[in-house]
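Chemist: I have a structure I would like to understand better, so I am pasting it below and will then ask my questions one at a time.
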Amino acid sequence: NRIGDQAAISALTYNRAALRVSSARLSAINAPASSEEVARVWAEVRSATNYHVVANAKSLDHLLGSARVGVFILQQNYRLAIEEINRILATYAVPKGTGEHLLLLADRALSLAAIGDRNEAVSQIAAASGCELDVLSPDDAALVGWSLFQAKSIIEDDVSAGRFLVLAQAKLKQHQSSVGDLLTGISAYSDF
């Protein structure tokens, strides 16, 4: 802060908020997030967004937008999620085929299904599930699979939703295993 590196501080505040959103969403695969947890996550995202605006930074706009979408999904505020997703995708800042892009498509599918727009939801499910989900990082694949499972479950009570649930659960386990391995590896350097 003393040397005026607002971009670095903005990145640090964003990273903390993004990790909280991701962690809360991954945990929600097994059990819905509490309203207190969602409020804490939303406060982190608002703080990061506010700093980003005050610092007049632009580089993290779409990433902060994606973090806001994650909170809206946790809040089940699907109309705001759709608005934010549409705003982000209209900027063309998110590279197609990335975990962020596919999660936005899956979240839009879930949001459209939740508000009753079945036809558009089906189209979004097809767009997201037509991509190679196995090449995503395990955490991204788990979240994409979970949103697609929820969307499919809302619009169709059919067995095909189950494949997304299996994907989400398998990728979540893989992610948890990787995190556990990393924590074990760094525990020797911890002074806790």
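Naming scheme: A, B, ... for chains in displayed order of the structure tokens; residues 1 onward per chain; ligands 1 onward as shown.
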Once DSSP has gone over the backbone, tell me which residues of chain A are in helix (DSSP H, G or I), as a PyMOL selection string.
Modeler: chain A and resi 6-27+35-54+61-75+78-90+99-114+118-129+133-135+138-155+160-189
Chemist: For stretch 48-64 of chain A, find every residue with an atom within 8 Å (counting only C-alpha atoms), except residues of its own chain fewer than 6 positions away, and show them as a list in words.
Modeler: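 The filter keeps Gln6, Ala7, Ser10, Ala11, Thr13, Tyr14, Ala17, Ala18, Ile88, Ala93 and Val94 of chain A.
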Chemist: Can those selected residues be exported to a file as a compact mmCIF listing (two decimals), in the first residue's frame so that it contains all heavy atoms?
Modeler:
```txt
# COMPACT_ATOMS: atom_id res chain seq x y z
N GLN A 6 -1.83 -0.68 -5.98
CA GLN A 6 -3.24 -1.00 -5.80
C GLN A 6 -3.63 -2.27 -6.55
O GLN A 6 -4.51 -3.02 -6.11
CB GLN A 6 -4.14 0.16 -6.25
CG GLN A 6 -4.20 1.30 -5.26
CD GLN A 6 -3.04 2.28 -5.44
OE1 GLN A 6 -2.32 2.23 -6.42
NE2 GLN A 6 -2.87 3.17 -4.49
N ALA A 7 -2.98 -2.54 -7.68
CA ALA A 7 -3.31 -3.74 -8.46
C ALA A 7 -2.99 -5.00 -7.66
O ALA A 7 -3.77 -5.96 -7.65
CB ALA A 7 -2.55 -3.75 -9.78
N SER A 10 -5.58 -5.27 -4.91
CA SER A 10 -6.83 -5.68 -5.52
C SER A 10 -6.83 -7.18 -5.80
O SER A 10 -7.80 -7.88 -5.54
CB SER A 10 -7.07 -4.89 -6.81
OG SER A 10 -8.35 -5.13 -7.32
N ALA A 11 -5.70 -7.68 -6.31
CA ALA A 11 -5.59 -9.11 -6.60
C ALA A 11 -5.67 -9.93 -5.32
O ALA A 11 -6.31 -10.99 -5.29
CB ALA A 11 -4.29 -9.39 -7.35
N THR A 13 -7.18 -9.12 -2.48
CA THR A 13 -8.54 -9.12 -1.94
C THR A 13 -9.46 -9.98 -2.80
O THR A 13 -10.33 -10.68 -2.29
CB THR A 13 -9.13 -7.69 -1.82
OG1 THR A 13 -9.14 -7.07 -3.10
CG2 THR A 13 -8.33 -6.85 -0.84
N TYR A 14 -9.23 -9.94 -4.13
CA TYR A 14 -10.03 -10.79 -5.01
C TYR A 14 -9.75 -12.27 -4.73
O TYR A 14 -10.69 -13.07 -4.62
CB TYR A 14 -9.74 -10.50 -6.50
CG TYR A 14 -10.15 -11.68 -7.34
CD1 TYR A 14 -11.50 -11.94 -7.59
CD2 TYR A 14 -9.21 -12.59 -7.82
CE1 TYR A 14 -11.90 -13.06 -8.29
CE2 TYR A 14 -9.61 -13.71 -8.53
CZ TYR A 14 -10.94 -13.94 -8.75
OH TYR A 14 -11.33 -15.07 -9.44
N ALA A 17 -11.53 -13.52 -1.66
CA ALA A 17 -12.97 -13.61 -1.88
C ALA A 17 -13.30 -14.79 -2.79
O ALA A 17 -14.23 -15.56 -2.52
CB ALA A 17 -13.49 -12.31 -2.48
N ALA A 18 -12.54 -14.95 -3.86
CA ALA A 18 -12.80 -16.04 -4.82
C ALA A 18 -12.63 -17.40 -4.16
O ALA A 18 -13.42 -18.32 -4.40
CB ALA A 18 -11.88 -15.91 -6.02
N ILE A 88 -21.21 -10.31 -17.92
CA ILE A 88 -19.84 -10.81 -18.04
C ILE A 88 -19.60 -11.37 -19.44
O ILE A 88 -18.60 -11.06 -20.09
CB ILE A 88 -19.55 -11.90 -16.99
CG1 ILE A 88 -19.61 -11.32 -15.59
CG2 ILE A 88 -18.20 -12.55 -17.24
CD1 ILE A 88 -19.70 -12.39 -14.49
N ALA A 93 -14.60 -11.16 -22.24
CA ALA A 93 -13.36 -11.22 -21.48
C ALA A 93 -13.04 -12.63 -20.99
O ALA A 93 -11.91 -12.92 -20.61
CB ALA A 93 -13.42 -10.27 -20.29
N VAL A 94 -14.03 -13.52 -20.98
CA VAL A 94 -13.85 -14.86 -20.46
C VAL A 94 -13.56 -15.81 -21.63
O VAL A 94 -14.42 -15.99 -22.50
CB VAL A 94 -15.10 -15.34 -19.69
CG1 VAL A 94 -14.89 -16.74 -19.14
CG2 VAL A 94 -15.46 -14.37 -18.58
```
Chemist: I want to know what sits within 8 Å of stretch 75-80 of chain A, based on only C-alpha atoms, with residues of the same chain fewer than 4 positions away left out; could you give that as a PyMOL selection string?
Modeler: chain A and resi 38+69+71+84+111-112+114-115
Chemist: Take the residues that were just selected and, keeping N, CA and C atoms, output them as a short mmCIF file (atom, residue, chain, number, x, y, z; two decimals), in the first residue's frame.
Modeler:
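To be explicit, this is the file written out as result_11.cif:
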```cif
data_model
loop_
_atom_site.label_atom_id
_atom_site.label_comp_id
_atom_site.auth_asym_id
_atom_site.auth_seq_id
_atom_site.Cartn_x
_atom_site.Cartn_y
_atom_site.Cartn_z
N VAL A 38 -23.07 -17.65 3.84
CA VAL A 38 -23.31 -16.90 2.61
C VAL A 38 -23.11 -15.41 2.86
N VAL A 69 -21.54 -13.90 -9.15
CA VAL A 69 -22.47 -14.93 -9.62
C VAL A 69 -22.49 -16.10 -8.64
N VAL A 71 -21.96 -16.10 -5.48
CA VAL A 71 -22.74 -15.72 -4.29
C VAL A 71 -24.23 -15.71 -4.61
N GLU A 84 -25.93 -10.83 -14.09
CA GLU A 84 -24.47 -10.73 -13.97
C GLU A 84 -23.77 -11.61 -15.01
N SER A 111 -29.92 -21.18 -13.28
CA SER A 111 -30.73 -19.99 -13.00
C SER A 111 -31.96 -19.94 -13.89
N LEU A 112 -31.78 -20.23 -15.18
CA LEU A 112 -32.92 -20.23 -16.10
C LEU A 112 -33.92 -21.31 -15.72
N ALA A 114 -34.40 -22.51 -12.74
CA ALA A 114 -35.02 -22.13 -11.47
C ALA A 114 -36.10 -21.08 -11.63
N ILE A 115 -35.95 -20.21 -12.64
CA ILE A 115 -36.99 -19.18 -12.84
C ILE A 115 -38.05 -19.65 -13.84
#
```
Chemist: Within 7 Å of stretch 125-136 of chain A, counting only C-alpha atoms, which residues qualify if same-chain residues fewer than 3 places away don't, as a list of chain:residue names?
Modeler: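 Once the adjacent positions are removed, what remains is A:Gly99, A:Leu102, A:Leu105, A:Ala106, A:Ala109, A:Ala121, A:Val122, A:Asp140, A:Ala141, A:Leu148.
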Chemist: Restricted to C-alpha atoms, what would the selected residues look like written as a PDB file, in the first residue's frame?
Modeler:
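In the end it all went to result-v4.pdb:
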```
ATOM      1  CA  GLY A  99     -13.545 -23.472 -16.204  1.00  0.00           C
ATOM      2  CA  LEU A 102     -18.259 -23.356 -18.469  1.00  0.00           C
ATOM      3  CA  LEU A 105     -22.911 -21.425 -18.696  1.00  0.00           C
ATOM      4  CA  ALA A 106     -23.849 -24.080 -16.111  1.00  0.00           C
ATOM      5  CA  ALA A 109     -28.641 -23.084 -17.039  1.00  0.00           C
ATOM      6  CA  ALA A 121     -32.161 -23.807 -19.725  1.00  0.00           C
ATOM      7  CA  VAL A 122     -32.072 -26.844 -22.016  1.00  0.00           C
ATOM      8  CA  ASP A 140     -14.250 -26.419 -11.546  1.00  0.00           C
ATOM      9  CA  ALA A 141     -15.599 -29.718 -12.892  1.00  0.00           C
ATOM     10  CA  LEU A 148     -25.882 -28.931 -14.410  1.00  0.00           C
TER      11      LEU A 148
END
```
Chemist: Which is closest to A:Ala33 among A:Val21, A:Leu12, A:Ala67, A:Ile186, if we use only C-alpha atoms?
Modeler: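 Between A:Val21, A:Leu12, A:Ala67, A:Ile186, the residue approaching A:Ala33 most closely is A:Val21.
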